[in-house]
file run_33.csv (CSV, C-alpha atoms)
chain,number,residue,atom,x,y,z
S,1124,MET,CA,-20.0,-79.7,88.2
S,1125,CYS,CA,-22.6,-78.9,90.9
S,1126,GLU,CA,-22.5,-75.3,89.7
S,1127,ASN,CA,-23.2,-76.4,86.1
S,1128,ILE,CA,-26.2,-78.5,87.3
S,1129,ARG,CA,-27.5,-75.5,89.3
S,1130,ASN,CA,-27.1,-73.2,86.4
S,1131,LYS,CA,-28.9,-75.7,84.1
S,1132,GLN,CA,-31.8,-75.9,86.6
S,1133,ILE,CA,-32.1,-72.1,86.7
S,1134,LEU,CA,-32.2,-71.9,82.9
S,1135,GLN,CA,-34.9,-74.6,82.8
S,1136,VAL,CA,-37.0,-72.6,85.3
S,1137,VAL,CA,-36.5,-69.4,83.3
S,1138,PHE,CA,-37.3,-71.1,80.0
S,1139,ALA,CA,-40.5,-72.6,81.6
S,1140,PHE,CA,-41.5,-69.2,82.9
S,1141,VAL,CA,-40.9,-67.5,79.5
S,1142,THR,CA,-42.8,-70.2,77.7
S,1143,SER,CA,-45.7,-69.8,80.0
S,1144,VAL,CA,-45.8,-66.0,79.3
S,1145,VAL,CA,-45.4,-66.3,75.5
S,1146,THR,CA,-47.7,-69.2,74.9
S,1147,THR,CA,-51.1,-69.5,76.6
S,1148,LYS,CA,-53.2,-72.7,76.2
S,1149,SER,CA,-56.7,-73.7,76.9
S,1150,SER,CA,-58.1,-77.0,77.9
S,1151,ALA,CA,-59.6,-79.1,75.1
S,1152,PHE,CA,-63.0,-80.4,73.9
S,1153,GLU,CA,-63.8,-83.2,71.5
S,1154,LEU,CA,-66.1,-83.8,68.6
S,1155,LEU,CA,-67.1,-87.3,67.4
S,1156,ILE,CA,-67.4,-88.7,63.9
S,1157,ASP,CA,-69.6,-91.8,64.2
S,1158,PRO,CA,-72.3,-93.6,62.2
S,1159,ILE,CA,-74.9,-92.5,64.8
S,1160,PHE,CA,-74.7,-89.1,63.0
S,1161,GLY,CA,-75.2,-90.7,59.6
S,1162,SER,CA,-73.1,-92.9,57.3
S,1163,THR,CA,-73.2,-93.9,53.6
S,1164,ALA,CA,-71.8,-97.5,54.0
S,1165,HIS,CA,-72.2,-98.2,57.8
S,1166,SER,CA,-68.8,-99.7,57.8
S,1167,GLY,CA,-68.2,-98.9,61.4
S,1168,ALA,CA,-65.5,-96.2,60.7
S,1169,THR,CA,-65.2,-93.6,63.5
S,1170,ALA,CA,-62.9,-90.7,64.4
S,1171,THR,CA,-62.5,-88.0,67.0
S,1172,LEU,CA,-61.4,-84.4,66.7
S,1173,ASN,CA,-59.8,-82.9,69.8
S,1174,PHE,CA,-59.7,-79.1,69.8
S,1175,GLU,CA,-57.1,-77.1,71.8
S,1176,PHE,CA,-56.5,-73.3,71.5
S,1177,SER,CA,-53.4,-71.3,72.2
S,1178,GLU,CA,-52.0,-67.8,71.6
S,1179,HIS,CA,-48.5,-66.8,70.6
S,1180,GLY,CA,-48.1,-63.1,70.9
S,1181,PRO,CA,-51.0,-61.4,69.1
S,1182,ASP,CA,-52.0,-64.5,67.1
S,1183,ASP,CA,-54.4,-67.2,68.1
S,1184,PHE,CA,-54.0,-70.9,67.0
S,1185,LEU,CA,-56.3,-73.9,67.0
S,1186,THR,CA,-54.7,-77.4,67.1
S,1187,ILE,CA,-56.9,-80.3,66.1
S,1188,LEU,CA,-55.8,-83.8,67.1
S,1189,ILE,CA,-57.5,-85.9,64.4
S,1190,ALA,CA,-57.6,-89.5,65.5
S,1191,ASN,CA,-58.9,-92.5,63.5
S,1192,THR,CA,-60.7,-94.6,66.1
S,1193,THR,CA,-62.0,-97.1,63.5
S,1194,PRO,CA,-61.8,-100.8,64.7
S,1195,PRO,CA,-58.8,-102.5,63.2
S,1196,LYS,CA,-61.0,-105.2,61.6
S,1197,VAL,CA,-62.7,-102.4,59.5
S,1198,GLY,CA,-59.4,-101.1,58.3
S,1199,SER,CA,-60.6,-97.7,56.8
S,1200,GLN,CA,-58.1,-94.8,56.5
S,1201,LEU,CA,-59.3,-91.3,57.3
S,1202,THR,CA,-58.6,-89.1,54.3
S,1203,ALA,CA,-60.5,-85.9,54.9
S,1204,VAL,CA,-62.5,-83.9,57.5
S,1205,GLY,CA,-65.1,-81.2,56.7
S,1206,LEU,CA,-66.1,-78.6,59.3
S,1207,GLU,CA,-68.4,-75.6,59.6
S,1208,LEU,CA,-66.7,-72.5,61.2
S,1209,PRO,CA,-68.1,-69.7,63.4
S,1210,ASP,CA,-69.1,-66.6,61.3
S,1211,TRP,CA,-67.4,-64.3,63.8
S,1212,LEU,CA,-63.9,-65.4,62.8
S,1213,ILE,CA,-62.1,-62.4,61.4
S,1214,GLN,CA,-60.2,-64.3,58.7
S,1215,PRO,CA,-60.2,-67.8,57.2
S,1216,PRO,CA,-57.8,-70.2,59.0
S,1217,SER,CA,-54.4,-70.9,57.5
S,1218,LEU,CA,-52.6,-74.1,57.9
S,1219,VAL,CA,-49.3,-74.2,59.9
S,1220,VAL,CA,-47.3,-77.1,58.6
S,1221,GLY,CA,-44.5,-78.2,60.9
S,1222,PRO,CA,-41.4,-80.2,60.1
S,1223,GLY,CA,-41.6,-83.8,58.9
S,1224,GLU,CA,-44.1,-85.6,56.6
S,1225,VAL,CA,-47.8,-85.1,57.3
S,1226,TYR,CA,-50.8,-86.3,55.5
S,1227,PHE,CA,-53.2,-83.5,56.2
S,1228,ASP,CA,-51.4,-80.7,54.4
S,1229,THR,CA,-54.2,-78.9,52.5
S,1230,LEU,CA,-57.1,-76.6,53.4
S,1231,THR,CA,-60.0,-75.9,51.0
S,1232,PHE,CA,-63.1,-73.9,51.7
S,1233,ASN,CA,-66.8,-74.2,50.9
S,1234,ASP,CA,-66.5,-77.8,49.7
S,1235,SER,CA,-69.7,-79.8,49.2
S,1236,MET,CA,-70.3,-83.4,50.3
S,1237,GLU,CA,-72.3,-86.1,48.5
S,1238,PRO,CA,-74.9,-87.4,49.2
S,1239,TRP,CA,-76.8,-84.2,50.0
S,1240,TRP,CA,-78.0,-85.4,53.4
S,1241,LEU,CA,-74.4,-85.5,54.7
S,1242,ASP,CA,-73.6,-82.0,53.4
S,1243,ALA,CA,-73.5,-78.8,55.5
S,1244,PRO,CA,-75.6,-75.8,54.5
S,1245,GLY,CA,-73.9,-74.3,51.4
S,1246,GLY,CA,-71.0,-76.8,51.7
S,1247,TYR,CA,-68.5,-77.2,54.5
S,1248,ASP,CA,-66.7,-74.0,55.4
S,1249,MET,CA,-63.3,-75.7,55.7
S,1250,VAL,CA,-62.0,-79.1,54.6
S,1251,ILE,CA,-58.7,-80.6,55.9
S,1252,SER,CA,-57.3,-83.2,53.5
S,1253,SER,CA,-54.2,-84.2,51.6
S,1254,GLU,CA,-55.0,-83.2,48.0
S,1255,GLY,CA,-57.8,-80.7,48.5
S,1256,ARG,CA,-60.5,-83.2,47.8
S,1257,LEU,CA,-63.2,-84.0,50.3
S,1258,LEU,CA,-64.8,-86.8,48.2
S,1259,GLY,CA,-61.6,-88.4,46.9
S,1260,GLY,CA,-57.9,-88.1,47.2
S,1261,ASN,CA,-55.1,-90.7,47.6
S,1262,PRO,CA,-55.4,-92.7,50.8
S,1263,HIS,CA,-51.6,-93.5,50.8
S,1264,GLY,CA,-50.2,-92.2,54.1
S,1265,ALA,CA,-53.6,-91.4,55.5
S,1266,PRO,CA,-54.1,-92.3,59.2
S,1267,PRO,CA,-55.1,-95.9,59.6
S,1268,PRO,CA,-57.1,-97.2,62.6
S,1269,GLY,CA,-55.6,-96.5,65.9
S,1270,THR,CA,-53.4,-93.6,64.7
S,1271,TRP,CA,-53.7,-89.8,64.7
S,1272,GLU,CA,-52.3,-86.6,63.2
S,1273,SER,CA,-52.1,-83.2,64.7
S,1274,VAL,CA,-53.1,-80.2,62.6
S,1275,THR,CA,-52.4,-76.6,63.7
S,1276,LEU,CA,-54.4,-73.7,62.2
S,1277,SER,CA,-53.7,-70.0,62.5
S,1278,LEU,CA,-56.8,-67.9,63.3
S,1279,GLY,CA,-55.1,-64.6,63.2
S,1280,ASN,CA,-55.7,-62.1,66.0
S,1281,THR,CA,-59.3,-62.8,67.2
S,1282,GLY,CA,-59.0,-60.6,70.3
S,1283,LEU,CA,-60.1,-63.6,72.4
S,1284,THR,CA,-58.2,-65.6,75.0
S,1285,PRO,CA,-57.7,-69.3,74.4
S,1286,GLU,CA,-60.4,-70.0,77.1
S,1287,GLN,CA,-62.9,-67.7,75.4
S,1288,LEU,CA,-62.1,-69.3,72.0
S,1289,GLU,CA,-62.7,-72.7,73.4
S,1290,MET,CA,-66.0,-71.7,74.9
S,1291,ARG,CA,-67.3,-69.9,71.8
S,1292,PHE,CA,-66.3,-72.7,69.4
S,1293,PHE,CA,-67.9,-75.3,71.6
S,1294,ASP,CA,-71.1,-73.3,72.0
S,1295,PHE,CA,-71.1,-72.8,68.2
S,1296,TYR,CA,-71.0,-76.6,67.6
S,1297,ASP,CA,-73.3,-77.4,70.5
S,1298,ASP,CA,-76.0,-75.0,69.3
S,1299,PHE,CA,-75.6,-75.7,65.6
S,1300,ALA,CA,-78.9,-76.7,64.0
S,1301,GLY,CA,-77.8,-78.9,61.1
S,1302,ARG,CA,-74.8,-80.7,59.7
S,1303,PHE,CA,-71.4,-79.3,60.8
S,1304,LEU,CA,-68.9,-82.2,60.7
S,1305,VAL,CA,-68.1,-85.1,58.4
S,1306,GLY,CA,-65.3,-87.5,57.9
S,1307,ARG,CA,-64.2,-89.2,54.6
S,1308,PHE,CA,-62.8,-92.8,54.9
S,1309,GLN,CA,-61.2,-94.8,52.2
S,1310,SER,CA,-59.8,-98.3,51.6
S,1311,ARG,CA,-63.2,-99.4,52.9
S,1312,SER,CA,-65.1,-96.4,51.6
S,1313,ASP,CA,-67.4,-94.5,53.8
S,1314,LYS,CA,-68.6,-91.0,54.5
S,1315,VAL,CA,-69.6,-90.5,58.1
S,1316,GLY,CA,-71.3,-87.6,59.9
S,1317,GLY,CA,-70.2,-86.0,63.2
S,1318,GLY,CA,-71.4,-84.1,66.1
S,1319,VAL,CA,-71.0,-83.2,69.8
S,1320,PRO,CA,-70.8,-86.4,72.0
S,1321,GLU,CA,-73.7,-86.9,74.4
S,1322,PRO,CA,-72.7,-87.2,78.1
S,1323,ALA,CA,-73.1,-91.0,78.0
S,1324,THR,CA,-70.9,-91.2,75.0
S,1325,ILE,CA,-68.2,-89.1,76.7
S,1326,ILE,CA,-68.2,-91.5,79.7
S,1327,LEU,CA,-67.7,-94.4,77.3
S,1328,LEU,CA,-64.8,-92.7,75.6
S,1329,VAL,CA,-63.2,-92.0,79.0
S,1330,LEU,CA,-63.6,-95.6,80.1
S,1331,GLY,CA,-62.2,-96.8,76.8
S,1332,GLY,CA,-59.2,-94.6,77.3
S,1333,LEU,CA,-58.7,-95.8,80.8
S,1334,MET,CA,-58.8,-99.5,79.6
S,1335,LEU,CA,-56.2,-98.7,77.0
S,1336,LEU,CA,-53.9,-97.1,79.7
S,1337,ARG,CA,-54.3,-100.2,81.9
S,1338,ARG,CA,-53.4,-102.5,79.1
S,1339,GLY,CA,-50.3,-100.4,78.4
S,1340,HIS,CA,-48.9,-101.0,82.0
call {"tool": "encode", "arguments": {"input": "run_33.csv", "output": "C-alpha cells"}}
result
Amino acid sequence: MCENIRNKQILQVVFAFVTSVVTTKSSAFELLIDPIFGSTAHSGATATLNFEFSEHGPDDFLTILIANTTPPKVGSQLTAVGLELPDWLIQPPSLVVGPGEVYFDTLTFNDSMEPWWLDAPGGYDMVISSEGRLLGGNPHGAPPPGTWESVTLSLGNTGLTPEQLEMRFFDFYDDFAGRFLVGRFQSRSDKVGGGVPEPATIILLVLGGLMLLRRGH
C-alpha cells in the first residue's frame, strides 16, 4: 500500500511537471464595465473582465472571466460584451467551447452599438454573446448579478509569450484613444461603457474582494 501511495505521488509530480512544460500562463489584468464610462439607463449595472493568457504548444489562448458585478437590487443580466482588438493580431480569435452548458457561445465581428456615443470606431471588433446580437438576444441563462462565466479564445500562433501578450494587450487598452469596451444588460435594460480602472478603483475592487473573503469564513 505504501508503494502504491509512493507511485501515485511520483505520478502527480511528473504530471505537474509535464503540465507546466506544455501549458504556460501569464498573470491577469482586469477591465471594468461601469456607468462612469457612460450608460444609457444609469441602472447601476456593472461588470469586470479578467484577462489571462496561456499557450499550448504553438497556439496562444486568451481566457476572459466575465463577471456580472451588478448589485442584486438592480437585477440586470449581462447578455453581451463588445471589445476592440489590437490590429497586430494575426487572425481573428475563435471561440473554444468547453463541455457543459454556457451562455456566451457566439462570436461576431465589427458589430455596432447604439446609441452612437457608446460605439467604437467602425463598430466593435469582437462581440461575445449568446445569439450573435450585441443589442438584443435572449437573456435566459445570462449571468445574473454575482455570477460569472469563463470564455476561452484561440489567438492562433502569435509568436509572443503569455507575458508579452498580457503586456501588449494591456498597453493597447491603456493607450486607446476612444471607446473600446461595452456591456449589454437586460431584464433591467442598460448599455454600459468600459475602460481601464484607475488606481483608486483598483484599490476599491481589491478591498471589496477581501471583504467578501472575510464574510465567507
call {"tool": "closest_atom_pairs", "arguments": {"input": "run_33.csv", "of": "segment 1188-1239 of chain S", "to": "segment 1150-1169 of chain S", "cutoff": "12 Å", "atoms": "all atoms listed in the file", "output": "tab-separated table"}}
result
residue	atom	partner	partner_atom	distance
S:Leu1188	CA	S:Glu1153	CA	9.1
S:Ile1189	CA	S:Leu1154	CA	9.8
S:Ala1190	CA	S:Thr1169	CA	8.9
S:Asn1191	CA	S:Thr1169	CA	6.4
S:Thr1192	CA	S:Thr1169	CA	5.3
S:Thr1193	CA	S:Ala1168	CA	4.6
S:Pro1194	CA	S:Ala1168	CA	7.1
S:Pro1195	CA	S:Ala1168	CA	9.5
S:Lys1196	CA	S:Gly1167	CA	9.6
S:Val1197	CA	S:Gly1167	CA	6.8
S:Gly1198	CA	S:Ala1168	CA	8.2
S:Ser1199	CA	S:Ala1168	CA	6.4
S:Gln1200	CA	S:Ala1168	CA	8.6
S:Leu1201	CA	S:Ala1168	CA	8.6
S:Thr1202	CA	S:Ala1168	CA	11.8
S:Ala1203	CA	S:Ile1156	CA	11.7
S:Val1204	CA	S:Ile1156	CA	9.4
S:Gly1205	CA	S:Ile1156	CA	10.6
S:Leu1206	CA	S:Leu1154	CA	10.7
S:Met1236	CA	S:Thr1163	CA	11.4
S:Glu1237	CA	S:Thr1163	CA	9.4
S:Pro1238	CA	S:Thr1163	CA	8.0
S:Trp1239	CA	S:Thr1163	CA	11.0
call {"tool": "atom_distance", "arguments": {"input": "run_33.csv", "atom1": "atom CA of Gly1221 of chain S", "atom2": "atom CA of Ile1187 of chain S"}}
result
13.6 Å
call {"tool": "atom_distance", "arguments": {"input": "run_33.csv", "atom1": "atom CA of Leu1208 of chain S", "atom2": "atom CA of Thr1229 of chain S"}}
result
16.5 Å
call {"tool": "residues_around", "arguments": {"input": "run_33.csv", "residues": "Gly1260 of chain S", "least_positions_apart": "2", "cutoff": "12 Å", "atoms": "all atoms listed in the file", "output": "ChimeraX atom specification"}}
result
/S:1200-1203,1226-1227,1229,1251-1258,1262-1265,1307-1310,1312
call {"tool": "closest_residue", "arguments": {"input": "run_33.csv", "among": "S:Leu1304, S:Val1220, S:Ala1170, S:Leu1276", "to": "Thr1186 of chain S", "atoms": "only C-alpha atoms"}}
result
S:Leu1276
call {"tool": "atom_distance", "arguments": {"input": "run_33.csv", "atom1": "atom CA of Asp1234 of chain S", "atom2": "atom CA of Phe1174 of chain S"}}
result
21.3 Å
